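J.: Enclosed is the structure file model.tsv (TSV, C-alpha atoms).
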```tsv
chain	number	residue	atom	x	y	z
A	1	MET	CA	16.62	-3.69	-28.39
A	2	ARG	CA	14.15	-6.50	-28.92
A	3	THR	CA	14.76	-6.90	-32.62
A	4	ASP	CA	16.42	-10.27	-32.15
A	5	SER	CA	13.13	-12.01	-31.38
A	6	THR	CA	10.97	-10.70	-34.21
A	7	SER	CA	12.17	-13.33	-36.64
A	8	ARG	CA	11.46	-16.20	-34.26
A	9	THR	CA	8.30	-15.13	-32.44
A	10	LEU	CA	5.12	-13.58	-33.70
A	11	PRO	CA	4.55	-9.98	-32.61
A	12	LEU	CA	1.95	-9.48	-29.91
A	13	PRO	CA	-1.40	-7.91	-30.84
A	14	ALA	CA	-1.59	-4.14	-30.43
A	15	PRO	CA	-3.88	-4.14	-27.34
A	16	ILE	CA	-1.52	-6.50	-25.51
A	17	GLU	CA	1.46	-4.40	-26.58
A	18	ALA	CA	-0.32	-1.33	-25.22
A	19	LEU	CA	-0.94	-3.10	-21.92
A	20	LEU	CA	2.70	-4.13	-21.66
A	21	ALA	CA	3.80	-0.58	-22.49
A	22	SER	CA	1.94	0.71	-19.45
A	23	GLU	CA	3.63	-1.91	-17.27
A	24	ARG	CA	7.09	-1.03	-18.56
A	25	VAL	CA	7.11	2.19	-16.57
A	26	ILE	CA	8.76	1.61	-13.22
A	27	VAL	CA	6.93	3.55	-10.53
A	28	PRO	CA	9.25	4.75	-7.73
A	29	GLN	CA	8.68	3.22	-4.35
A	30	PRO	CA	7.77	5.43	-1.39
A	31	GLU	CA	10.84	7.00	0.18
A	32	ILE	CA	10.25	5.31	3.51
A	33	VAL	CA	10.29	1.88	1.85
A	34	CYS	CA	13.56	2.67	0.07
A	35	ALA	CA	15.10	4.04	3.26
A	36	ARG	CA	14.08	0.91	5.15
A	37	ALA	CA	15.48	-1.40	2.49
A	38	LEU	CA	18.76	0.51	2.35
A	39	ALA	CA	19.10	0.57	6.12
A	40	ARG	CA	18.65	-3.20	6.15
A	41	ALA	CA	21.22	-3.61	3.42
A	42	ARG	CA	23.73	-1.40	5.22
A	43	ALA	CA	23.20	-3.30	8.46
A	44	ALA	CA	23.75	-6.58	6.61
A	45	ILE	CA	27.01	-5.30	5.17
A	46	ARG	CA	28.15	-4.06	8.57
A	47	THR	CA	27.36	-7.38	10.20
A	48	ASP	CA	29.10	-9.21	7.41
A	49	CYS	CA	32.18	-7.02	7.83
A	50	GLU	CA	32.28	-7.56	11.57
A	51	THR	CA	31.90	-11.33	11.43
A	52	ALA	CA	33.28	-12.51	8.13
A	53	MET	CA	35.90	-10.02	7.08
A	54	PRO	CA	38.81	-10.82	9.39
A	55	LEU	CA	38.78	-14.52	8.53
A	56	PRO	CA	40.04	-14.40	4.91
A	57	ARG	CA	42.86	-12.04	5.94
A	58	VAL	CA	44.73	-14.87	7.67
A	59	THR	CA	47.34	-15.88	5.15
A	60	SER	CA	49.97	-17.51	7.30
A	61	THR	CA	49.23	-20.77	9.08
A	62	ARG	CA	51.11	-19.73	12.20
A	63	PRO	CA	48.52	-17.33	13.60
A	64	ARG	CA	45.86	-19.92	12.88
A	65	ARG	CA	47.80	-22.50	14.87
A	66	LEU	CA	48.13	-20.05	17.75
A	67	VAL	CA	44.40	-19.39	17.68
A	68	LEU	CA	43.65	-23.11	17.65
A	69	ALA	CA	46.06	-23.73	20.51
A	70	ALA	CA	44.47	-20.92	22.51
A	71	ALA	CA	41.00	-22.28	21.78
A	72	ALA	CA	42.03	-25.76	22.86
A	73	GLY	CA	43.55	-24.35	26.05
A	74	ILE	CA	40.43	-22.37	26.87
A	75	ALA	CA	38.27	-25.39	26.13
A	76	PHE	CA	40.37	-27.54	28.44
A	77	ILE	CA	40.14	-25.00	31.25
A	78	ALA	CA	36.39	-24.67	30.69
A	79	GLY	CA	36.02	-28.45	30.81
A	80	ALA	CA	38.04	-28.67	34.01
A	81	ALA	CA	35.96	-25.88	35.56
A	82	ALA	CA	32.77	-27.64	34.55
A	83	ALA	CA	33.99	-30.88	36.06
A	84	PHE	CA	34.96	-29.10	39.26
A	85	GLN	CA	31.55	-27.49	39.43
A	86	MET	CA	29.89	-30.86	38.90
A	87	MET	CA	31.92	-32.41	41.71
A	88	ARG	CA	30.91	-29.67	44.11
A	89	GLN	CA	27.28	-29.62	43.14
A	90	PRO	CA	25.06	-32.07	45.07
A	91	VAL	CA	23.44	-34.51	42.64
A	92	PRO	CA	20.11	-35.82	43.90
A	93	THR	CA	20.45	-39.42	42.76
A	94	THR	CA	20.63	-42.81	44.42
A	95	ASN	CA	22.72	-44.33	41.69
A	96	GLU	CA	26.24	-44.50	43.10
A	97	ALA	CA	27.74	-45.52	39.80
A	98	ALA	CA	26.28	-42.48	38.16
A	99	ARG	CA	27.75	-40.30	40.89
A	100	THR	CA	31.28	-41.72	40.62
A	101	ILE	CA	31.57	-41.48	36.88
A	102	GLY	CA	30.77	-37.77	37.02
A	103	ARG	CA	34.32	-37.10	38.25
A	104	PRO	CA	36.87	-35.94	35.71
A	105	THR	CA	39.45	-38.30	34.32
A	106	PRO	CA	43.01	-37.21	33.55
A	107	GLY	CA	42.70	-38.21	29.90
A	108	ALA	CA	39.43	-36.46	29.31
A	109	PRO	CA	39.26	-34.97	25.79
A	110	PRO	CA	38.93	-31.19	25.77
A	111	LEU	CA	36.08	-29.57	23.92
A	112	ALA	CA	36.74	-28.51	20.36
A	113	THR	CA	35.66	-24.91	20.81
A	114	PRO	CA	35.44	-22.58	23.77
A	115	VAL	CA	31.85	-22.14	24.83
A	116	PRO	CA	30.23	-20.34	27.75
A	117	ALA	CA	30.24	-22.19	31.05
A	118	PRO	CA	26.58	-23.34	31.24
A	119	SER	CA	26.65	-25.08	27.87
A	120	VAL	CA	30.04	-26.59	28.70
A	121	VAL	CA	28.46	-28.32	31.66
A	122	VAL	CA	25.69	-29.71	29.54
A	123	GLN	CA	27.89	-30.90	26.72
A	124	ALA	CA	31.02	-31.95	28.51
A	125	ALA	CA	29.52	-34.35	31.03
A	126	PRO	CA	28.12	-37.01	28.69
A	127	ALA	CA	31.30	-37.04	26.57
A	128	ARG	CA	33.41	-37.65	29.64
A	129	THR	CA	31.19	-40.37	31.01
A	130	VAL	CA	31.22	-42.23	27.72
A	131	GLY	CA	35.00	-42.46	27.78
A	132	THR	CA	35.18	-43.60	31.41
A	133	VAL	CA	32.40	-46.11	31.33
A	134	ALA	CA	33.30	-47.57	27.99
A	135	SER	CA	36.79	-48.44	29.20
A	136	ALA	CA	35.55	-49.97	32.45
A	137	SER	CA	32.45	-51.85	31.40
A	138	PRO	CA	31.21	-51.50	27.85
A	139	LYS	CA	27.69	-52.87	28.31
A	140	PRO	CA	26.22	-50.82	31.12
A	141	GLY	CA	27.81	-47.68	29.73
A	142	VAL	CA	24.76	-46.60	27.83
A	143	THR	CA	22.38	-46.82	30.75
A	144	ILE	CA	24.73	-45.03	33.11
A	145	ARG	CA	25.31	-42.26	30.64
A	146	ARG	CA	21.59	-41.84	30.31
A	147	THR	CA	21.23	-41.71	34.09
A	148	VAL	CA	23.79	-38.93	34.36
A	149	ALA	CA	22.24	-36.97	31.53
A	150	GLY	CA	18.82	-37.49	33.01
A	151	THR	CA	20.01	-36.39	36.44
A	152	GLU	CA	21.58	-33.27	35.01
A	153	ASN	CA	18.40	-32.46	33.18
A	154	ASP	CA	16.41	-33.03	36.36
A	155	VAL	CA	18.67	-30.70	38.31
A	156	GLY	CA	18.44	-28.08	35.58
A	157	LEU	CA	14.67	-28.40	35.49
A	158	ALA	CA	14.42	-28.14	39.26
A	159	GLU	CA	16.52	-24.96	39.17
A	160	LEU	CA	14.48	-23.57	36.34
A	161	ARG	CA	11.20	-24.26	38.10
A	162	LEU	CA	12.40	-22.55	41.25
A	163	LEU	CA	13.53	-19.46	39.41
A	164	ASP	CA	10.34	-19.44	37.39
A	165	ARG	CA	8.45	-19.20	40.64
A	166	ALA	CA	10.70	-16.33	41.65
A	167	ARG	CA	10.08	-14.59	38.33
A	168	GLN	CA	6.34	-15.00	38.68
A	169	SER	CA	6.46	-13.48	42.15
A	170	ASP	CA	8.61	-10.70	40.74
A	171	ALA	CA	6.06	-10.04	38.01
A	172	ARG	CA	3.36	-9.74	40.68
A	173	GLY	CA	5.56	-7.36	42.66
A	174	ASP	CA	5.75	-9.83	45.53
A	175	TYR	CA	9.41	-9.22	46.32
A	176	GLY	CA	9.25	-10.95	49.70
A	177	SER	CA	8.37	-14.22	47.98
A	178	VAL	CA	11.14	-13.62	45.46
A	179	LEU	CA	13.69	-13.43	48.28
A	180	ALA	CA	12.27	-16.58	49.86
A	181	VAL	CA	12.55	-18.54	46.61
A	182	VAL	CA	16.02	-17.11	45.98
A	183	ALA	CA	17.10	-18.32	49.40
A	184	GLU	CA	15.60	-21.73	48.65
A	185	HIS	CA	17.53	-21.89	45.38
A	186	GLU	CA	20.74	-20.83	47.10
A	187	HIS	CA	20.29	-23.56	49.67
A	188	GLY	CA	19.55	-26.27	47.11
A	189	PHE	CA	21.93	-25.18	44.37
A	190	PRO	CA	24.66	-22.96	45.80
A	191	THR	CA	26.72	-23.17	42.61
A	192	GLY	CA	23.86	-24.00	40.25
A	193	ARG	CA	23.82	-23.11	36.60
A	194	LEU	CA	21.30	-20.38	37.19
A	195	SER	CA	23.06	-18.78	40.13
A	196	GLU	CA	23.76	-15.70	38.04
A	197	GLU	CA	20.06	-15.21	37.35
A	198	ARG	CA	19.30	-15.92	41.00
A	199	GLU	CA	21.64	-13.19	42.21
A	200	ALA	CA	20.21	-10.75	39.69
A	201	LEU	CA	16.72	-11.52	40.98
A	202	ARG	CA	17.94	-11.00	44.53
A	203	VAL	CA	19.20	-7.52	43.68
A	204	LYS	CA	15.95	-6.71	41.92
A	205	ALA	CA	13.87	-7.90	44.87
A	206	LEU	CA	15.96	-5.93	47.36
A	207	VAL	CA	15.64	-2.81	45.22
A	208	GLY	CA	11.90	-3.44	44.95
A	209	LEU	CA	11.59	-3.71	48.72
A	210	GLY	CA	13.60	-0.52	49.13
A	211	HIS	CA	16.44	-2.19	51.03
A	212	GLY	CA	19.07	0.09	49.55
A	213	ASN	CA	22.13	-1.01	51.53
A	214	GLU	CA	21.45	-4.69	51.09
A	215	ALA	CA	20.77	-4.19	47.41
A	216	ARG	CA	24.08	-2.37	46.97
A	217	HIS	CA	25.93	-5.13	48.81
A	218	ALA	CA	24.23	-7.75	46.66
A	219	GLY	CA	25.08	-5.71	43.57
A	220	ALA	CA	28.73	-5.44	44.57
A	221	ARG	CA	28.82	-9.17	45.18
A	222	PHE	CA	27.26	-9.77	41.79
A	223	HIS	CA	29.98	-7.61	40.19
A	224	ARG	CA	32.66	-9.67	41.89
A	225	GLN	CA	31.10	-13.04	41.11
A	226	PHE	CA	30.06	-12.35	37.51
A	227	PRO	CA	32.32	-9.61	36.18
A	228	ARG	CA	31.40	-10.42	32.57
A	229	SER	CA	27.69	-10.92	33.04
A	230	VAL	CA	25.30	-9.50	30.48
A	231	LEU	CA	23.05	-8.59	33.38
A	232	LEU	CA	25.55	-6.12	34.84
A	233	ALA	CA	24.05	-3.15	33.02
A	234	LYS	CA	20.59	-4.01	34.35
A	235	ILE	CA	21.95	-4.42	37.88
A	236	ASP	CA	23.64	-1.03	37.66
A	237	ASP	CA	20.46	0.56	36.35
A	238	MET	CA	18.46	-0.91	39.21
A	239	LEU	CA	20.98	0.29	41.77
A	240	ALA	CA	21.06	3.73	40.19
A	241	SER	CA	17.31	3.98	40.68
A	242	LEU	CA	17.73	3.69	44.45
A	243	PRO	CA	17.20	6.92	46.39
B	1	MET	CA	39.10	-4.04	-5.48
B	2	SER	CA	38.95	-3.88	-1.68
B	3	ARG	CA	36.04	-5.35	0.22
B	4	SER	CA	34.62	-2.02	1.39
B	5	THR	CA	34.80	-0.55	-2.12
B	6	GLU	CA	32.98	-3.61	-3.43
B	7	ASP	CA	30.34	-3.26	-0.74
B	8	ASP	CA	29.85	0.41	-1.53
B	9	ALA	CA	29.50	-0.30	-5.23
B	10	CYS	CA	27.02	-3.08	-4.55
B	11	LEU	CA	25.00	-0.91	-2.19
B	12	GLU	CA	24.95	1.90	-4.73
B	13	ALA	CA	23.76	-0.46	-7.46
B	14	TYR	CA	21.10	-1.83	-5.15
B	15	GLN	CA	19.90	1.67	-4.34
B	16	ARG	CA	19.80	2.57	-8.04
B	17	GLU	CA	17.81	-0.53	-9.01
B	18	LEU	CA	15.61	-0.79	-5.94
B	19	ASP	CA	12.42	0.34	-7.70
B	20	TYR	CA	13.11	-2.04	-10.56
B	21	LEU	CA	13.77	-4.90	-8.16
B	22	PHE	CA	10.55	-4.29	-6.23
B	23	ARG	CA	8.52	-4.22	-9.42
B	24	THR	CA	10.29	-7.29	-10.80
B	25	LEU	CA	9.46	-9.25	-7.68
B	26	ARG	CA	5.83	-8.24	-8.02
B	27	ARG	CA	5.85	-9.29	-11.66
B	28	LEU	CA	7.28	-12.63	-10.60
B	29	GLY	CA	4.24	-13.14	-8.41
B	30	VAL	CA	5.62	-12.20	-4.99
B	31	ASN	CA	3.01	-10.88	-2.58
B	32	PRO	CA	3.37	-7.19	-1.68
B	33	ALA	CA	3.84	-8.20	1.96
B	34	ASP	CA	6.89	-10.32	1.08
B	35	VAL	CA	8.51	-8.00	-1.46
B	36	GLU	CA	10.72	-6.16	1.02
B	37	ASP	CA	12.05	-9.33	2.59
B	38	LEU	CA	12.77	-10.91	-0.74
B	39	ALA	CA	14.44	-7.76	-2.03
B	40	HIS	CA	16.74	-7.98	0.96
B	41	GLU	CA	17.49	-11.60	0.13
B	42	VAL	CA	18.35	-10.50	-3.40
B	43	PHE	CA	20.69	-7.90	-1.96
B	44	LEU	CA	22.43	-10.47	0.22
B	45	VAL	CA	23.06	-12.68	-2.81
B	46	LEU	CA	24.12	-9.66	-4.84
B	47	ALA	CA	26.62	-8.61	-2.18
B	48	ARG	CA	27.99	-12.13	-1.90
B	49	THR	CA	28.43	-12.53	-5.64
B	50	TRP	CA	29.31	-8.95	-6.52
B	51	HIS	CA	32.88	-9.92	-7.43
B	52	GLU	CA	31.47	-12.24	-10.11
B	53	TYR	CA	29.49	-9.49	-11.79
B	54	ASP	CA	31.04	-8.09	-14.95
B	55	PRO	CA	30.48	-4.28	-14.93
B	56	ALA	CA	30.66	-4.24	-18.73
B	57	ARG	CA	27.29	-6.03	-18.86
B	58	ALA	CA	23.89	-4.64	-17.95
B	59	LEU	CA	23.04	-4.92	-14.29
B	60	ARG	CA	19.29	-5.48	-14.58
B	61	PRO	CA	19.45	-8.94	-16.19
B	62	TYR	CA	21.92	-9.96	-13.51
B	63	ILE	CA	19.59	-8.74	-10.76
B	64	PHE	CA	16.65	-10.35	-12.51
B	65	GLY	CA	18.44	-13.71	-12.55
B	66	ILE	CA	18.93	-13.53	-8.78
B	67	ALA	CA	15.38	-12.28	-8.20
B	68	PHE	CA	13.93	-15.08	-10.33
B	69	ARG	CA	15.75	-17.78	-8.37
B	70	ILE	CA	14.78	-16.28	-5.04
B	71	ALA	CA	11.17	-15.76	-6.10
B	72	SER	CA	10.85	-19.31	-7.35
B	73	SER	CA	12.33	-20.83	-4.19
B	74	HIS	CA	10.06	-18.55	-2.15
B	75	ARG	CA	7.12	-19.84	-4.14
B	76	LYS	CA	8.02	-23.44	-3.35
B	77	ARG	CA	8.44	-22.54	0.30
B	78	ARG	CA	5.09	-20.77	0.40
B	79	TRP	CA	3.28	-23.76	-0.98
B	80	ARG	CA	4.51	-25.82	1.89
B	81	GLU	CA	3.51	-23.26	4.50
B	82	VAL	CA	0.07	-23.18	6.04
B	83	PRO	CA	-1.36	-19.78	5.27
B	84	PHE	CA	-2.69	-17.83	8.20
B	85	ALA	CA	-5.22	-15.09	8.03
B	86	ILE	CA	-2.88	-12.63	6.35
B	87	ILE	CA	-4.69	-10.65	3.75
B	88	ASP	CA	-2.38	-9.38	1.06
B	89	ARG	CA	-2.80	-5.79	0.06
B	90	LYS	CA	-3.93	-5.71	-3.53
B	91	ASP	CA	-1.86	-3.65	-5.87
B	92	HIS	CA	-4.73	-1.82	-7.49
B	93	ALA	CA	-4.92	1.19	-5.21
B	94	PRO	CA	-4.73	4.18	-7.53
B	95	CYS	CA	-1.51	6.19	-7.30
B	96	PRO	CA	-2.06	9.95	-7.29
B	97	ASP	CA	0.37	10.55	-10.16
B	98	GLN	CA	-1.18	7.97	-12.48
B	99	THR	CA	-4.35	7.94	-14.46
B	100	PHE	CA	-6.97	5.41	-13.56
B	101	GLU	CA	-6.63	3.67	-16.92
B	102	THR	CA	-2.90	3.19	-16.62
B	103	ASN	CA	-3.31	1.82	-13.16
B	104	GLN	CA	-6.00	-0.55	-14.31
B	105	ALA	CA	-3.82	-1.71	-17.18
B	106	ARG	CA	-0.93	-2.40	-14.83
B	107	THR	CA	-3.20	-4.37	-12.53
B	108	LEU	CA	-4.49	-6.31	-15.48
B	109	VAL	CA	-0.96	-7.14	-16.63
B	110	LEU	CA	0.02	-8.35	-13.18
B	111	ALA	CA	-3.12	-10.47	-12.94
B	112	ALA	CA	-2.47	-11.93	-16.38
B	113	LEU	CA	1.17	-12.65	-15.52
B	114	GLU	CA	-0.02	-14.54	-12.45
B	115	ARG	CA	-1.63	-17.06	-14.79
B	116	ILE	CA	1.62	-17.85	-16.59
B	117	PRO	CA	3.93	-20.45	-15.01
B	118	LEU	CA	7.00	-18.85	-13.48
B	119	PRO	CA	9.71	-20.17	-15.85
B	120	ARG	CA	7.84	-18.83	-18.89
B	121	ARG	CA	6.75	-15.69	-17.09
B	122	ALA	CA	10.38	-14.87	-16.30
B	123	VAL	CA	11.30	-14.98	-19.98
B	124	LEU	CA	8.33	-12.85	-20.94
B	125	VAL	CA	8.95	-10.26	-18.24
B	126	MET	CA	12.63	-9.98	-19.09
B	127	HIS	CA	12.14	-9.75	-22.81
B	128	ASP	CA	8.85	-7.90	-23.24
B	129	LEU	CA	8.86	-5.67	-20.18
B	130	ASP	CA	12.54	-5.15	-19.41
B	131	GLU	CA	13.41	-5.26	-23.13
B	132	VAL	CA	16.39	-7.51	-22.62
B	133	PRO	CA	17.75	-9.29	-25.73
B	134	MET	CA	16.91	-12.98	-25.85
B	135	ARG	CA	20.54	-14.02	-25.71
B	136	ASP	CA	20.94	-12.21	-22.39
B	137	VAL	CA	17.63	-13.61	-21.15
B	138	ALA	CA	18.88	-17.13	-21.81
B	139	SER	CA	22.18	-16.35	-20.14
B	140	ALA	CA	20.61	-14.77	-17.04
B	141	LEU	CA	18.21	-17.66	-16.55
B	142	SER	CA	20.86	-20.27	-17.39
B	143	ILE	CA	18.78	-21.88	-20.14
B	144	PRO	CA	19.56	-22.61	-23.82
B	145	LEU	CA	18.55	-19.92	-26.29
B	146	PHE	CA	16.19	-22.28	-28.07
B	147	THR	CA	14.40	-23.04	-24.78
B	148	ALA	CA	14.12	-19.32	-24.09
B	149	TYR	CA	12.43	-18.75	-27.43
B	150	SER	CA	10.04	-21.64	-27.03
B	151	ARG	CA	9.11	-20.40	-23.54
B	152	LEU	CA	8.55	-16.92	-24.91
B	153	ARG	CA	6.25	-18.17	-27.67
B	154	LYS	CA	4.20	-20.16	-25.22
B	155	ALA	CA	4.15	-17.29	-22.71
B	156	HIS	CA	2.82	-14.96	-25.40
B	157	ARG	CA	-0.05	-17.33	-26.10
B	158	GLU	CA	-0.77	-17.71	-22.40
B	159	LEU	CA	-0.64	-13.96	-21.84
B	160	GLN	CA	-3.17	-13.30	-24.59
B	161	ALA	CA	-5.46	-16.00	-23.25
B	162	ALA	CA	-5.13	-14.70	-19.70
B	163	VAL	CA	-5.88	-11.09	-20.69
B	164	ALA	CA	-8.90	-12.21	-22.71
B	165	HIS	CA	-10.13	-14.32	-19.80
B	166	ILE	CA	-9.77	-11.52	-17.25
B	167	GLN	CA	-11.40	-8.95	-19.51
B	168	LYS	CA	-14.28	-11.31	-20.21
B	169	ARG	CA	-14.80	-12.00	-16.53
B	170	SER	CA	-14.75	-8.32	-15.59
B	171	ALA	CA	-17.20	-7.59	-18.44
B	172	VAL	CA	-19.62	-10.19	-17.02
B	173	ARG	CA	-19.49	-8.52	-13.62
```
Using structure tokens, write down the structure that the file contains.
T.:
Amino acid sequence: MRTDSTSRTLPLPAPIEALLASERVIVPQPEIVCARALARARAAIRTDCETAMPLPRVTSTRPRRLVLAAAAGIAFIAGAAAAFQMMRQPVPTTNEAARTIGRPTPGAPPLATPVPAPSVVVQAAPARTVGTVASASPKPGVTIRRTVAGTENDVGLAELRLLDRARQSDARGDYGSVLAVVAEHEHGFPTGRLSEEREALRVKALVGLGHGNEARHAGARFHRQFPRSVLLAKIDDMLASLP
Amino acid sequence: MSRSTEDDACLEAYQRELDYLFRTLRRLGVNPADVEDLAHEVFLVLARTWHEYDPARALRPYIFGIAFRIASSHRKRRWREVPFAIIDRKDHAPCPDQTFETNQARTLVLAALERIPLPRRAVLVMHDLDEVPMRDVASALSIPLFTAYSRLRKAHRELQAAVAHIQKRSAVR
């Protein structure tokens, strides 16, 4: 098979050839390694099929238009919901201008793609404020936008810190403190971004304290409030563990 | 050919050539700890480009071409990374079904290959170990045939020098 090179390259010395001959033998890998590699490959193919396969099948432009229209509709609704949530949520700021520009405008551009509610709130607000402020007063627009973004971040951080405290108490098994922090969060941020996590922590704390009835009520409320939550399975598991 | 049939064919080919791929990656200087990950990367590329593969041609040079590109980009990546205290398992643990001499020879070859720069090593491995004709070597590595020959000549010289150096050093010890 290698005859084509003999005329152009010098043959290797015999000892080197002997060394190479020993390396030519391919030693089989351990079965477990092969099985692992094949399992990974199969999983990659499956994932690829689930995510990438349906896309090239779209041949007509009409279904694509329908999908785009639906996406735009969902994005608009998500934006409106986010704006409504922002209006209802108390913003701890003294800057009146920042507070007023947080309200939605009729001509607000919808988001390009539908995204889950929490990220909509984060992304949609600055985009909206830019449009409003730029039309009213171009110069102070930048600072006001920063104020709103900063305020939102502050609120998010405050929520996060509170729930972190609750989680730490939960890790210690101090469920009484968890309920206290949860109540504090509910008072400060009734419709906060982390209300879903808060309610889940409430159920967990009630289960931990052995308050079965209250835990079940809280669980039922969680089901009603967040019917598509990823935490539902956990909530159900916790409630199932009650005596 | 439908997508699932293509996938099955690709998976079957991968399974058939898995041992070869693992050894090729080692010959291209990939650490034993990284071989599995890189083999998976090769598979991903293979699956993505399977429709481009001509079944009339040998599969190994095609896989080698992918493995070479992945190994060389991995090498560049590794040089930029700060190495932590990961000790690579040396490949000289004796296999029960091999004689000690054979195993030593294989270790010596791998150590000598390590001393040859990757572009030349790829030509040498393909031609002298995988016994692929030079024309196919040039095609798989996307280089002119003349370049392939000149790399092979130089790689031969480097291999001899490396083997002599390693043997001399082990004799001193």
J.: How many Å separate CA of Leu59 in chain B from CA of Thr24 in chain B?
T.: 13.4 Å
J.: Counting all atoms listed in the file, what are the residues of chain B within 7 Å of chain A, and for each of them which pair of atoms is the nearest and at what distance in Å, to one decimal? Sort the table by chain and rising number, as JSON lines.
T.:
```
{"residue": "B:Gln15", "atom": "CA", "partner": "A:Leu38", "partner_atom": "CA", "distance": 6.9}
{"residue": "B:Asp19", "atom": "CA", "partner": "A:Pro28", "partner_atom": "CA", "distance": 5.4}
{"residue": "B:Tyr20", "atom": "CA", "partner": "A:Ile26", "partner_atom": "CA", "distance": 6.3}
{"residue": "B:Arg23", "atom": "CA", "partner": "A:Ile26", "partner_atom": "CA", "distance": 7.0}
{"residue": "B:Glu36", "atom": "CA", "partner": "A:Ala37", "partner_atom": "CA", "distance": 6.9}
{"residue": "B:His40", "atom": "CA", "partner": "A:Ala41", "partner_atom": "CA", "distance": 6.7}
{"residue": "B:Phe43", "atom": "CA", "partner": "A:Ala41", "partner_atom": "CA", "distance": 6.9}
{"residue": "B:Thr102", "atom": "CA", "partner": "A:Ser22", "partner_atom": "CA", "distance": 6.1}
{"residue": "B:Ala105", "atom": "CA", "partner": "A:Leu19", "partner_atom": "CA", "distance": 5.7}
{"residue": "B:Arg106", "atom": "CA", "partner": "A:Glu23", "partner_atom": "CA", "distance": 5.2}
{"residue": "B:Val109", "atom": "CA", "partner": "A:Leu19", "partner_atom": "CA", "distance": 6.7}
{"residue": "B:Leu129", "atom": "CA", "partner": "A:Arg24", "partner_atom": "CA", "distance": 5.2}
{"residue": "B:Asp130", "atom": "CA", "partner": "A:Arg24", "partner_atom": "CA", "distance": 6.9}
{"residue": "B:Glu131", "atom": "CA", "partner": "A:Arg2", "partner_atom": "CA", "distance": 6.0}
{"residue": "B:Val132", "atom": "CA", "partner": "A:Arg2", "partner_atom": "CA", "distance": 6.8}
{"residue": "B:Pro133", "atom": "CA", "partner": "A:Arg2", "partner_atom": "CA", "distance": 5.6}
{"residue": "B:Met134", "atom": "CA", "partner": "A:Ser5", "partner_atom": "CA", "distance": 6.8}
{"residue": "B:Arg153", "atom": "CA", "partner": "A:Thr9", "partner_atom": "CA", "distance": 6.0}
```
J.: Can you work out the spacing between CA of Ala166 in chain A and CA of Val182 in chain A in Å, to one decimal?
T.: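 Between CA of Ala166 in chain A and CA of Val182 in chain A the gap works out to 6.9 Å.
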J.: Give the answer as one residue: which of B:Cys10, B:Val35, B:Ala140, B:Ile70 has the shortest atom-to-atom distance to Arg57 in chain B, using all atoms listed in the file?
T.: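 Closest residue, counting all atoms listed in the file: B:Ala140.
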J.: If you measure from CA of Glu196 in chain A to CA of Ala72 in chain A, what distance in Å do you get, rounded to one decimal?
T.: 25.8 Å
J.: Pick out the closest residue to Ser139 in chain B from this set: B:Trp50, B:Phe68, B:Tyr14, B:Tyr62. Count only C-alpha atoms.
T.: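 Looking only at the distances to Ser139 in chain B, the closest residue turns out to be B:Tyr62.
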J.: Have a look at A:His185, A:Phe222, A:Gly176, A:Arg193 and name the one nearest to Leu163 in chain A; count all atoms listed in the file.
T.: A:His185
J.: Which residue, A:Gly192, A:Gly208, A:Gly79, A:Gly156, has the smallest gap to Ser177 in chain A when you use all atoms listed in the file?
T.: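 For Ser177 in chain A, the nearest of the candidates is A:Gly208.
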J.: A:Arg216, A:His211, A:Arg224, A:Arg172: which is nearest Asp236 in chain A, counting all atoms listed in the file?
T.: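 The shortest atom-to-atom distance to Asp236 in chain A comes from A:Arg216.
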J.: Extract, using all atoms listed in the file, all DNA, RNA and protein residues at most 9 Å from Asp136 in chain B, discarding same-chain residues fewer than 5 positions from it, and format them as a ChimeraX atom specification.
T.: /B:61,141,145
J.: With all atoms listed in the file as the counted atoms, please give the residues lying no more than 12 Å from Gln167 in chain B, apart from itself and same-chain residues fewer than 5 positions off, as a ChimeraX atom specification.
T.: /A:15-16 /B:104-105,107-109,111-112,160-162,172-173
